[in-house]
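Structure data (CSV, C-alpha atoms) from work-v6.csv:
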```
chain,number,residue,atom,x,y,z
A,355,MET,CA,-6.3,215.9,-80.3
A,356,ASN,CA,-8.4,219.1,-80.5
A,357,GLN,CA,-11.2,217.2,-82.2
A,358,THR,CA,-11.2,214.6,-79.4
A,359,GLN,CA,-11.4,217.2,-76.7
A,360,SER,CA,-14.1,219.3,-78.5
A,361,GLY,CA,-16.8,216.6,-77.9
A,362,PRO,CA,-16.8,216.7,-74.1
A,363,THR,CA,-16.3,220.5,-74.1
A,364,GLN,CA,-19.3,221.0,-76.3
A,365,THR,CA,-21.3,218.6,-74.1
A,366,TYR,CA,-20.4,220.4,-70.9
A,367,GLY,CA,-21.1,223.8,-72.5
A,368,ARG,CA,-24.5,222.6,-73.7
A,369,THR,CA,-25.4,221.2,-70.3
A,370,ILE,CA,-24.4,224.4,-68.5
A,371,GLY,CA,-26.4,226.4,-71.0
A,372,ARG,CA,-29.5,224.3,-70.4
A,373,ILE,CA,-29.1,224.6,-66.6
A,374,LEU,CA,-28.9,228.4,-66.9
A,375,ILE,CA,-32.0,228.5,-69.1
A,376,LEU,CA,-33.9,226.2,-66.7
A,377,GLN,CA,-32.9,228.3,-63.8
A,378,LEU,CA,-34.4,231.4,-65.5
A,379,LEU,CA,-37.6,229.5,-66.4
A,380,PHE,CA,-37.8,228.1,-62.9
A,381,MET,CA,-37.7,231.6,-61.3
A,382,VAL,CA,-40.1,233.1,-63.8
A,383,PHE,CA,-42.7,230.3,-63.5
A,384,THR,CA,-42.4,230.2,-59.7
A,385,ILE,CA,-43.3,233.9,-59.7
A,386,VAL,CA,-46.1,233.3,-62.3
A,387,GLY,CA,-47.5,230.6,-59.9
A,388,LEU,CA,-47.6,233.1,-57.1
A,389,GLY,CA,-44.5,231.7,-55.3
A,390,VAL,CA,-45.5,228.8,-53.2
A,391,PHE,CA,-48.0,227.5,-55.8
A,392,GLY,CA,-45.5,227.8,-58.6
A,393,PHE,CA,-42.4,226.5,-56.8
A,394,PHE,CA,-43.0,222.7,-57.0
A,395,PRO,CA,-44.5,222.6,-60.5
A,396,ALA,CA,-41.5,224.6,-61.7
A,397,LEU,CA,-39.1,222.3,-59.9
A,398,LEU,CA,-40.8,219.2,-61.3
A,399,ALA,CA,-40.7,220.8,-64.8
A,400,VAL,CA,-37.0,221.3,-64.5
A,401,MET,CA,-36.6,217.6,-63.6
A,402,ALA,CA,-38.9,216.5,-66.4
A,403,VAL,CA,-37.0,218.5,-69.0
A,404,VAL,CA,-33.6,217.1,-67.8
A,405,ARG,CA,-35.1,213.6,-67.9
A,406,GLN,CA,-36.1,214.1,-71.5
A,407,TYR,CA,-32.7,215.4,-72.5
A,408,LYS,CA,-31.0,212.5,-70.8
A,409,ARG,CA,-33.3,210.0,-72.6
A,410,GLU,CA,-33.0,211.9,-75.9
A,411,THR,CA,-36.6,211.3,-76.7
A,412,ASP,CA,-37.7,214.9,-77.2
A,413,ASP,CA,-36.1,217.5,-79.5
A,414,ALA,CA,-38.6,220.3,-78.7
A,415,PRO,CA,-37.2,223.7,-77.6
A,416,ILE,CA,-36.4,223.8,-73.9
A,417,HIS,CA,-39.0,226.6,-73.1
A,418,LYS,CA,-41.8,224.6,-74.9
A,419,MET,CA,-40.9,221.4,-73.0
A,420,PHE,CA,-40.8,223.4,-69.7
A,421,TRP,CA,-44.2,225.0,-70.3
A,422,ARG,CA,-45.8,221.7,-71.3
A,423,TYR,CA,-44.5,219.9,-68.1
A,424,TYR,CA,-45.3,222.9,-65.9
A,425,LYS,CA,-49.0,222.7,-67.0
A,426,GLU,CA,-49.1,219.0,-66.7
A,427,LEU,CA,-47.6,218.8,-63.3
A,428,PHE,CA,-49.1,222.0,-61.7
A,429,LEU,CA,-52.0,220.3,-60.0
A,430,LYS,CA,-50.3,217.0,-59.2
A,431,GLY,CA,-47.2,218.8,-57.9
A,432,ASN,CA,-49.1,221.0,-55.5
A,433,LEU,CA,-51.5,218.3,-54.3
A,434,VAL,CA,-48.5,216.0,-53.4
A,435,CYS,CA,-45.9,218.5,-52.4
A,436,LEU,CA,-47.7,221.2,-50.4
A,437,PRO,CA,-49.3,218.9,-47.8
A,438,PHE,CA,-45.9,217.2,-47.5
A,439,LEU,CA,-44.2,220.5,-47.0
A,440,ALA,CA,-46.8,221.6,-44.4
A,441,ALA,CA,-46.3,218.3,-42.5
A,442,TYR,CA,-42.5,218.6,-42.6
A,443,ALA,CA,-42.7,222.2,-41.3
A,444,GLY,CA,-45.2,221.2,-38.6
A,445,LEU,CA,-42.9,218.4,-37.5
A,446,ILE,CA,-39.9,220.8,-37.2
A,447,ILE,CA,-42.0,223.2,-35.1
A,448,LEU,CA,-43.1,220.3,-33.0
A,449,ILE,CA,-39.5,219.2,-32.4
A,450,GLN,CA,-38.5,222.7,-31.4
A,451,HIS,CA,-41.5,222.9,-29.0
A,452,PHE,CA,-40.7,219.5,-27.4
A,453,GLN,CA,-37.1,220.7,-26.9
A,454,GLN,CA,-38.2,223.9,-25.2
A,455,ILE,CA,-40.6,222.1,-22.7
A,456,GLY,CA,-38.0,219.4,-22.0
A,457,LEU,CA,-39.9,216.5,-23.3
A,458,ASN,CA,-38.4,213.0,-22.8
A,459,GLN,CA,-35.7,212.5,-25.4
A,460,TYR,CA,-37.4,209.4,-26.8
A,461,GLY,CA,-40.3,211.5,-28.0
A,462,ILE,CA,-37.9,213.9,-29.7
A,463,TYR,CA,-36.0,211.0,-31.3
A,464,ALA,CA,-39.4,209.6,-32.6
A,465,CYS,CA,-40.0,213.0,-34.3
A,466,TYR,CA,-36.5,212.9,-35.8
A,467,PHE,CA,-37.3,209.4,-37.1
A,468,VAL,CA,-40.5,210.6,-38.8
A,469,ALA,CA,-38.5,213.6,-40.2
A,470,LEU,CA,-36.0,211.2,-41.7
A,471,PHE,CA,-38.8,209.1,-43.1
A,472,LEU,CA,-40.3,212.1,-44.8
A,473,LEU,CA,-36.9,213.2,-46.2
A,474,ILE,CA,-36.4,209.7,-47.7
A,475,PHE,CA,-39.8,209.9,-49.3
A,476,TRP,CA,-39.0,213.4,-50.6
A,477,ILE,CA,-35.7,212.2,-52.1
A,478,TYR,CA,-37.4,209.8,-54.6
A,479,GLY,CA,-40.9,211.1,-54.4
A,480,LEU,CA,-40.3,214.2,-56.6
A,481,PRO,CA,-38.4,212.3,-59.4
A,482,ALA,CA,-41.0,209.6,-59.3
A,483,LEU,CA,-43.7,212.1,-60.1
A,484,VAL,CA,-42.0,212.9,-63.4
A,485,HIS,CA,-40.6,209.4,-64.2
A,486,LEU,CA,-43.1,206.8,-63.0
A,487,ASN,CA,-46.8,206.2,-63.4
A,488,MET,CA,-48.3,204.4,-60.4
A,489,ASN,CA,-51.0,204.7,-57.7
A,490,LEU,CA,-50.4,206.2,-54.3
A,491,ALA,CA,-49.8,202.9,-52.5
A,492,HIS,CA,-47.2,201.7,-55.0
A,493,PHE,CA,-45.7,205.2,-55.1
A,494,ILE,CA,-45.0,205.2,-51.3
A,495,ARG,CA,-43.8,201.6,-51.2
A,496,GLY,CA,-41.7,202.0,-54.3
A,497,THR,CA,-39.9,205.1,-53.1
A,498,LEU,CA,-39.1,203.6,-49.7
A,499,LEU,CA,-37.8,200.3,-51.2
A,500,ILE,CA,-35.6,202.2,-53.7
A,501,SER,CA,-34.2,204.4,-50.9
A,502,MET,CA,-33.0,201.3,-49.1
A,503,ILE,CA,-31.8,199.3,-52.1
A,504,ARG,CA,-30.0,202.2,-53.6
A,505,ALA,CA,-28.5,203.5,-50.4
A,506,VAL,CA,-25.5,205.3,-52.1
A,507,HIS,CA,-27.8,207.1,-54.5
A,508,THR,CA,-30.0,208.1,-51.5
A,509,VAL,CA,-27.1,209.5,-49.6
A,510,GLY,CA,-26.0,211.5,-52.6
A,511,ILE,CA,-29.4,213.1,-53.2
A,512,ALA,CA,-29.8,213.8,-49.5
A,513,PHE,CA,-26.4,215.6,-49.5
A,514,ILE,CA,-27.6,217.8,-52.4
A,515,ILE,CA,-30.8,218.7,-50.6
A,516,ILE,CA,-29.2,219.4,-47.3
A,517,ALA,CA,-26.4,221.4,-48.9
A,518,VAL,CA,-28.9,223.7,-50.7
A,519,GLY,CA,-30.8,224.0,-47.4
A,520,TRP,CA,-27.7,224.8,-45.5
A,521,ILE,CA,-26.7,227.5,-48.0
A,522,GLY,CA,-30.2,229.0,-47.8
A,523,ILE,CA,-30.0,229.2,-44.0
A,524,ASN,CA,-26.4,230.1,-43.4
A,525,VAL,CA,-25.2,231.9,-46.5
A,526,SER,CA,-28.1,233.4,-48.5
A,527,PRO,CA,-31.6,232.4,-49.6
A,528,ILE,CA,-31.0,234.1,-52.9
A,529,VAL,CA,-27.9,231.9,-53.5
A,530,ALA,CA,-29.8,228.8,-52.6
A,531,VAL,CA,-32.6,229.8,-55.1
A,532,LEU,CA,-30.0,230.3,-57.8
A,533,LEU,CA,-28.7,226.8,-57.2
A,534,ILE,CA,-32.1,225.2,-57.6
A,535,SER,CA,-31.8,224.1,-61.3
A,536,THR,CA,-28.2,222.8,-60.7
A,537,ALA,CA,-29.4,220.8,-57.7
A,538,ALA,CA,-32.5,219.5,-59.6
A,539,TYR,CA,-30.2,218.4,-62.5
A,540,TRP,CA,-28.1,216.2,-60.3
A,541,TRP,CA,-31.1,215.2,-58.2
A,542,ILE,CA,-33.0,213.7,-61.2
A,543,SER,CA,-29.8,212.4,-62.7
A,544,ILE,CA,-28.9,210.3,-59.6
A,545,ALA,CA,-32.6,209.2,-59.2
A,546,LEU,CA,-32.7,207.9,-62.8
A,547,HIS,CA,-29.7,205.8,-62.1
A,548,ALA,CA,-31.4,204.5,-58.9
A,549,PHE,CA,-34.6,203.7,-60.8
A,550,LEU,CA,-32.6,201.8,-63.5
A,551,GLY,CA,-33.2,198.1,-63.4
A,552,PHE,CA,-35.6,198.5,-60.4
A,553,VAL,CA,-38.7,199.9,-62.0
A,554,SER,CA,-40.0,200.0,-65.6
A,555,GLU,CA,-40.5,203.3,-67.4
A,556,PRO,CA,-44.1,204.1,-68.6
A,557,GLU,CA,-44.6,204.0,-72.3
A,558,GLU,CA,-44.9,207.5,-73.8
```
Mind turning the file's structure into structure tokens?
Amino acid sequence: MNQTQSGPTQTYGRTIGRILILQLLFMVFTIVGLGVFGFFPALLAVMAVVRQYKRETDDAPIHKMFWRYYKELFLKGNLVCLPFLAAYAGLIILIQHFQQIGLNQYGIYACYFVALFLLIFWIYGLPALVHLNMNLAHFIRGTLLISMIRAVHTVGIAFIIIAVGWIGINVSPIVAVLLISTAAYWWISIALHAFLGFVSEPEE
């Protein structure tokens, strides 16, 4: 009986240990990357390491895997994510401005629609950067198609992102930051299930 229960217990303990280490690495390399320039490469590196552990294709130490992916994804992560983040922030500011000047509600609804579109792209865009190898056109089309076909997965990831954002705004930004690796773990885990049977993995 004890032997039967030790397997899941060890698995959960190993997973929690990895998440804690990834959280530490995420925070260190975000700082090393001067904050905004290190945040997304570190987040993508967390996802990439979790992906490798789930696929059981790499037995390298966790810090070496993280460093390798951080270097590989530093440029791509910033080139894709920073313009997206700037567009999203600009859109939020635009919505607030439109509300203050009393713009017709249809214009505000249009802004919310674009914001939803960007959120959907964000949901699968980041996991796709570490899991798929495709050009920009296929990248955009693929993430949108998956979001519609895997609606349950999409809602699950959206809930994770919104929950962390809500905690950061209403509870504490520090608490939200400390939840990043946990959120990334479930984010990439759900996304991998969404990709399964829909897209082919690149050969490594």
Inset, instruction - Take CA of Ala441 (chain A) and CA of Gly510 (chain A) and report the distance between them in Å, one decimal. - result: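 For CA of Ala441 (chain A) relative to CA of Gly510 (chain A), the distance reads 23.7 Å.
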Inset, instruction - Determine the nearest neighbour of Leu376 (chain A) from the options A:His417, A:His451, A:Lys430, A:Lys425, counting only C-alpha atoms. - result: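 Looking only at the distances to Leu376 (chain A), the closest residue turns out to be A:His417.
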Inset, instruction - Using CA of Leu498 (chain A) and CA of Leu546 (chain A) as the two end points, give the distance in Å to one decimal. - result: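 Computing it gives 15.2 Å between the two atoms.
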Legend entry - Residues near Ala545 (chain A), cut-off 12 Å, all atoms listed in the file, skip fewer than 5 positions along chain, as a count of residues only: 33
Legend entry - Two-atom distance - CA of Leu532 (chain A), CA of Ile373 (chain A) (Å): 10.5 Å
Legend entry - Closest of A:Pro437, A:Phe383, A:Ile515, A:Arg368 to Tyr407 (chain A) - atom-to-atom distances counting all atoms listed in the file: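 Looking only at the distances to Tyr407 (chain A), the closest residue turns out to be A:Arg368.
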